[in-house]
Amino acid sequence: QVQLVESGGGLVQAGGSLRLSCAASGRTFSAYAMGWFRQAPGKEREFVAAINWNGLRTYYADSVKGRFAISRDNAKNTAYLQMNSLKPEDTAAYYCAAPRCTGAGCPFPPLRYNYNYWGQGTQVTVSS
């Protein structure tokens with residue numbers, strides 16, 4: 001089992017920045033990839049970014065490429081999402097997620113249905 005807890009959300013003006021954190025426990029953190037997703041009211045949950053187990057590979061949705069950066073600190077069992085140049089359309093609940101697959105042989109980025117563990121979410125609101 002993996003437990004994930006997000007933090008760092010809040011209210012920010014357009015053009016501003018936030019950094020989200022995702023603290024993980026319950027399994028060797030350095031063994032698996034991590035992902036971030038978001039869900040706006042009335043919309044489906046969408047993929048934002050993913051990072052592989054050692055942090056050397058990242059993958060982003062086109063909508064956030066060049067503005068968001070995913071990273072991880074395996075010594076702290078924590079993944080991060082640095083969000084810059086925020087836009088009102090970035091307003092959503094943000095979730096971190098982890099796949100069940102562990103090890104260097106796992107496919108990257110994980111397919112959405114391969115994310116088995118989810119945090120409770122943290123709200124990000126960007127005002128215009």
# chains A, B, ... in the order shown; residues from 1 in each chain; ligands from 1
>>> residues_around(residues="Trp53 (chain A)", least_positions_apart="4", cutoff="7 Å", atoms="only C-alpha atoms", output="ChimeraX atom specification")
/A:30-33
>>> write_last_selection(atoms="all heavy atoms", output="PDB file, in the first residue's frame")
ATOM      1  N   SER A  30      11.541   5.365  -3.848  1.00  0.00           N
ATOM      2  CA  SER A  30      12.419   5.445  -5.014  1.00  0.00           C
ATOM      3  C   SER A  30      12.174   4.331  -6.020  1.00  0.00           C
ATOM      4  O   SER A  30      12.825   4.294  -7.064  1.00  0.00           O
ATOM      5  CB  SER A  30      13.876   5.420  -4.561  1.00  0.00           C
ATOM      6  OG  SER A  30      14.148   4.221  -3.853  1.00  0.00           O
ATOM      7  N   ALA A  31      11.245   3.438  -5.737  1.00  0.00           N
ATOM      8  CA  ALA A  31      11.019   2.294  -6.613  1.00  0.00           C
ATOM      9  C   ALA A  31       9.960   2.543  -7.677  1.00  0.00           C
ATOM     10  O   ALA A  31       9.782   1.712  -8.572  1.00  0.00           O
ATOM     11  CB  ALA A  31      10.629   1.078  -5.783  1.00  0.00           C
ATOM     12  N   TYR A  32       9.227   3.654  -7.612  1.00  0.00           N
ATOM     13  CA  TYR A  32       8.116   3.820  -8.543  1.00  0.00           C
ATOM     14  C   TYR A  32       8.015   5.248  -9.052  1.00  0.00           C
ATOM     15  O   TYR A  32       8.477   6.190  -8.427  1.00  0.00           O
ATOM     16  CB  TYR A  32       6.809   3.394  -7.886  1.00  0.00           C
ATOM     17  CG  TYR A  32       6.512   4.016  -6.550  1.00  0.00           C
ATOM     18  CD1 TYR A  32       5.791   5.207  -6.459  1.00  0.00           C
ATOM     19  CD2 TYR A  32       6.934   3.411  -5.378  1.00  0.00           C
ATOM     20  CE1 TYR A  32       5.514   5.779  -5.237  1.00  0.00           C
ATOM     21  CE2 TYR A  32       6.658   3.970  -4.144  1.00  0.00           C
ATOM     22  CZ  TYR A  32       5.944   5.160  -4.084  1.00  0.00           C
ATOM     23  OH  TYR A  32       5.674   5.732  -2.862  1.00  0.00           O
ATOM     24  N   ALA A  33       7.375   5.368 -10.219  1.00  0.00           N
ATOM     25  CA  ALA A  33       7.110   6.676 -10.802  1.00  0.00           C
ATOM     26  C   ALA A  33       6.030   7.406 -10.003  1.00  0.00           C
ATOM     27  O   ALA A  33       5.323   6.804  -9.194  1.00  0.00           O
ATOM     28  CB  ALA A  33       6.663   6.512 -12.252  1.00  0.00           C
TER      29      ALA A  33
END
>>> residues_around(residues="region 92-103 of chain A", least_positions_apart="6", cutoff="8 Å", atoms="only C-alpha atoms", output="VMD selection string")
chain A and resid 2 4 to 6 22 31 to 41 53 110 114 to 125
>>> select_by_dssp(residues="chain A", states="helix (DSSP H, G or I)", output="ChimeraX atom specification")
/A:29-31,88-90,112-114
>>> residues_around(residues="region 55-71 of chain A", least_positions_apart="4", cutoff="6 Å", atoms="only C-alpha atoms", output="PDB file with C-alpha atoms, in the first residue's frame")
ATOM      1  CA  VAL A  48      -0.568  16.959 -15.800  1.00  0.00           C
ATOM      2  CA  ALA A  49       2.921  15.498 -15.369  1.00  0.00           C
ATOM      3  CA  ALA A  50       4.867  12.352 -14.505  1.00  0.00           C
ATOM      4  CA  ILE A  51       8.360  11.563 -13.303  1.00  0.00           C
ATOM      5  CA  ALA A  79       7.311  14.604  -5.143  1.00  0.00           C
ATOM      6  CA  TYR A  80       6.800  18.203  -6.201  1.00  0.00           C
ATOM      7  CA  LEU A  81       4.988  20.169  -8.848  1.00  0.00           C
ATOM      8  CA  GLN A  82       6.362  23.657  -9.418  1.00  0.00           C
ATOM      9  CA  MET A  83       3.731  25.723 -11.205  1.00  0.00           C
ATOM     10  CA  ASN A  84       4.751  29.026 -12.800  1.00  0.00           C
TER      11      ASN A  84
END
>>> select_by_dssp(residues="region 24-61 of chain A", states="strand (DSSP E or B)", output="NGL selection string")
:A and (24-25 or 34-39 or 46-51 or 58-60)
>>> atom_distance(atom1="CA of Leu86 (chain A)", atom2="CA of Arg45 (chain A)")
18.4 Å
>>> atom_distance(atom1="CA of Gly15 (chain A)", atom2="CA of Lys43 (chain A)")
23.0 Å
>>> atom_distance(atom1="CA of Pro107 (chain A)", atom2="CA of Asp73 (chain A)")
20.7 Å
